[in-house]
Amino acid sequence: MVDVVASAQRTWPAIKLPPDVFVAYVRDRLPADVPPAIALRQLHVSDLYLVCACARGDVPALAAFDVHCLSPLDRVLRKMGIGVDVTAEVKQDIRACVLVGAAGQAEIVDFSGRGDLRGWVRVIAVHRALRRQCRARREVQDEDEQLLQQLVVPGDPELDYAKKLYRQEFTRAFEGALRALPDRERTLLRQHYVDGLTIDELGKLYRMHRSTAARLVVRARGLVLEATRAQMMSRLEIHSRDLDSIMRMIRSQLDVSLVGLQRGRRR
C-alpha cells in the first residue's frame, strides 16, 4: 500500500490527504472475493485518492475535480448539441449533488474506483443533460400547443373538422413554423397570446412605439401562417385550392380570436 499512496500523492501533489485515511478508504472498496494485490491493480487508485479528498471537503481536491472532471464536459456536451446554459447547469448540479449531496450524503462516495473517474462523471453529466433537454422540449411543446389554441379558437364546425382531419400534419407544420421564426417574433407571439401582454405593454417592454409593437405581432402572425401553409403543402397530397381554403378558415378564426382577446382585456 505504500507504493499505492506514493503514486497517488505524485498524481495529486497539491492534495494533502493523511495516508492512513486514504488506506482505510481504499480497503473499504476492495472486493472481498479478490486477493488484495490483484484488486489493487484493478482499481484507479489515483482517482480514489482525489475522490477521498473531495468527500472530506478538501479545497485543493475540489478545485482539481473541477479541472479534471468538469472542464472536459464542455467539449463532450457541446458535441452532443447541448447548449452552454444547460452545460453550466449540469456542472453546477454535479457540484451540488455529487460533491456535497443532500444531508451530507455526497454521491461521490459511490465511486468504486473500478472505472475511470472522468468516465463516471461523464455518464452522470450526459444523463442529467439529456433529462434537462427532454424536460425543456416538453415545456416548449406545451407552450406551442397553448399558443396554437390561442391563435386558432374552436367554434367553427368546418374548421374544427379540418383540424381533426389534418390534426397531426397541421400541428407539426405549425410547430415547425413557430420554431423557424426569429427569436424576437416568436417571443412576442408567446408574450402576447400566451402570457397575455397587451400591445402597449409590449411597447413598454421593448422600448418601442405601440404601433411598432403591433406591426411586429401582425408580421409574426403572418410569418407563422405562411410557413405553416408551406410546410403543410410539403406534407399533404391535397390540391392547393383545398389547402388555401383551410388556411383562409384559419386566418378568419385568427382574426376573431384577436378581437376577442383584445375585447376581453379591456373589460
# chains A, B, ... in the order shown; residues from 1 in each chain; ligands from 1
call {"tool": "select_by_dssp", "arguments": {"residues": "range 57-110 of chain A", "states": "helix (DSSP H, G or I)", "output": "MDAnalysis selection string"}}
result
chainID A and resid 59:70 73:79 84:100 107:110
call {"tool": "residues_around", "arguments": {"residues": "range 222-229 of chain A", "least_positions_apart": "2", "cutoff": "6 Å", "atoms": "only C-alpha atoms", "output": "PyMOL selection string"}}
result
chain A and resi 173-174+177-178+219-220+231-232
call {"tool": "write_last_selection", "arguments": {"atoms": "N, CA and C atoms", "output": "compact mmCIF listing (two decimals), in the first residue's frame"}}
result
# COMPACT_ATOMS: atom_id res chain seq x y z
N ALA A 173 -46.77 21.17 -38.71
CA ALA A 173 -46.44 22.32 -39.55
C ALA A 173 -46.41 23.60 -38.74
N PHE A 174 -47.39 23.75 -37.85
CA PHE A 174 -47.45 24.95 -37.03
C PHE A 174 -46.23 25.04 -36.11
N ALA A 177 -43.19 25.91 -38.11
CA ALA A 177 -43.23 27.32 -38.49
C ALA A 177 -42.88 28.22 -37.32
N LEU A 178 -43.36 27.85 -36.14
CA LEU A 178 -43.08 28.65 -34.95
C LEU A 178 -41.59 28.62 -34.61
N ARG A 219 -46.87 40.92 -38.12
CA ARG A 219 -45.89 40.31 -39.03
C ARG A 219 -45.54 38.89 -38.59
N ALA A 220 -45.35 38.70 -37.30
CA ALA A 220 -45.03 37.37 -36.78
C ALA A 220 -46.17 36.40 -37.05
N GLN A 231 -45.32 24.33 -45.13
CA GLN A 231 -44.98 23.02 -44.59
C GLN A 231 -46.11 22.01 -44.81
N MET A 232 -47.36 22.47 -44.72
CA MET A 232 -48.48 21.56 -44.98
C MET A 232 -48.50 21.14 -46.44
call {"tool": "residues_around", "arguments": {"residues": "range 203-218 of chain A", "least_positions_apart": "3", "cutoff": "10 Å", "atoms": "only C-alpha atoms", "output": "list in words"}}
result
Arg184, Glu185, Arg186, Thr187, Leu188, Leu189, Arg190, Gln191, His192, Tyr193, Leu197, Thr198, Ile199, Asp200, Arg221, Gly222, Leu223 and Val224 of chain A
call {"tool": "closest_residue", "arguments": {"among": "A:Val23, A:Val86, A:Val76, A:Leu70", "to": "Tyr49 in chain A", "atoms": "only C-alpha atoms"}}
result
A:Val23
call {"tool": "closest_atom_pairs", "arguments": {"of": "range 43-88 of chain A", "to": "range 113-132 of chain A", "cutoff": "8 Å", "atoms": "only C-alpha atoms", "output": "Markdown table"}}
result
| residue | atom | partner | partner_atom | distance |
| --- | --- | --- | --- | --- |
| A:Leu43 | CA | A:Arg114 | CA | 4.9 |
| A:His44 | CA | A:Gly113 | CA | 5.0 |
| A:Val45 | CA | A:Gly113 | CA | 6.6 |
| A:Asp47 | CA | A:Leu117 | CA | 6.0 |
| A:Leu48 | CA | A:Gly113 | CA | 5.8 |
| A:His68 | CA | A:Arg118 | CA | 7.2 |
| A:Cys69 | CA | A:Arg118 | CA | 5.1 |
| A:Leu70 | CA | A:Val121 | CA | 7.9 |
| A:Leu73 | CA | A:Arg122 | CA | 6.9 |
| A:Leu77 | CA | A:Val126 | CA | 7.1 |
| A:Ile82 | CA | A:Ala129 | CA | 7.3 |
| A:Val86 | CA | A:Ala129 | CA | 6.8 |
| A:Thr87 | CA | A:Ala129 | CA | 7.0 |
call {"tool": "atom_distance", "arguments": {"atom1": "CA of Ile15 in chain A", "atom2": "CA of Arg56 in chain A"}}
result
11.4 Å
call {"tool": "closest_residue", "arguments": {"among": "A:Leu50, A:Val2, A:Ile38, A:Leu62", "to": "Val100 in chain A", "atoms": "only C-alpha atoms"}}
result
A:Leu62
call {"tool": "residues_around", "arguments": {"residues": "Pro19 in chain A", "least_positions_apart": "5", "cutoff": "10 Å", "atoms": "only C-alpha atoms", "output": "NGL selection string"}}
result
:A and (1-2 or 4-6 or 9 or 24-25 or 49)
call {"tool": "write_last_selection", "arguments": {"atoms": "N, CA and C atoms", "output": "PDB file, in the first residue's frame"}}
result
ATOM      1  N   MET A   1       0.822  -1.214   0.000  1.00  0.00           N
ATOM      2  CA  MET A   1       0.000   0.000   0.000  1.00  0.00           C
ATOM      3  C   MET A   1       0.854   1.262   0.000  1.00  0.00           C
ATOM      4  N   VAL A   2       2.105   1.142   0.446  1.00  0.00           N
ATOM      5  CA  VAL A   2       2.984   2.317   0.476  1.00  0.00           C
ATOM      6  C   VAL A   2       3.192   2.852  -0.923  1.00  0.00           C
ATOM      7  N   VAL A   4       1.217   2.472  -3.448  1.00  0.00           N
ATOM      8  CA  VAL A   4      -0.068   2.999  -3.921  1.00  0.00           C
ATOM      9  C   VAL A   4      -0.260   4.425  -3.423  1.00  0.00           C
ATOM     10  N   VAL A   5       0.014   4.659  -2.167  1.00  0.00           N
ATOM     11  CA  VAL A   5      -0.121   6.000  -1.581  1.00  0.00           C
ATOM     12  C   VAL A   5       0.849   6.959  -2.260  1.00  0.00           C
ATOM     13  N   ALA A   6       2.084   6.525  -2.452  1.00  0.00           N
ATOM     14  CA  ALA A   6       3.098   7.386  -3.058  1.00  0.00           C
ATOM     15  C   ALA A   6       2.722   7.755  -4.480  1.00  0.00           C
ATOM     16  N   GLN A   9      -0.073  10.331  -4.397  1.00  0.00           N
ATOM     17  CA  GLN A   9       0.445  11.633  -3.971  1.00  0.00           C
ATOM     18  C   GLN A   9       1.188  12.330  -5.102  1.00  0.00           C
ATOM     19  N   ALA A  24      -7.478   3.372   4.559  1.00  0.00           N
ATOM     20  CA  ALA A  24      -8.750   2.851   5.054  1.00  0.00           C
ATOM     21  C   ALA A  24      -9.855   3.006   4.012  1.00  0.00           C
ATOM     22  N   TYR A  25      -9.824   4.124   3.285  1.00  0.00           N
ATOM     23  CA  TYR A  25     -10.826   4.384   2.251  1.00  0.00           C
ATOM     24  C   TYR A  25     -10.728   3.337   1.141  1.00  0.00           C
ATOM     25  N   TYR A  49      -7.949   8.507  -4.626  1.00  0.00           N
ATOM     26  CA  TYR A  49      -7.269   9.484  -3.770  1.00  0.00           C
ATOM     27  C   TYR A  49      -7.968  10.838  -3.898  1.00  0.00           C
TER      28      TYR A  49
END
call {"tool": "closest_residue", "arguments": {"among": "A:Asp74, A:Asp3, A:Asp20, A:Asp58", "to": "Arg41 in chain A", "atoms": "only C-alpha atoms"}}
result
A:Asp3
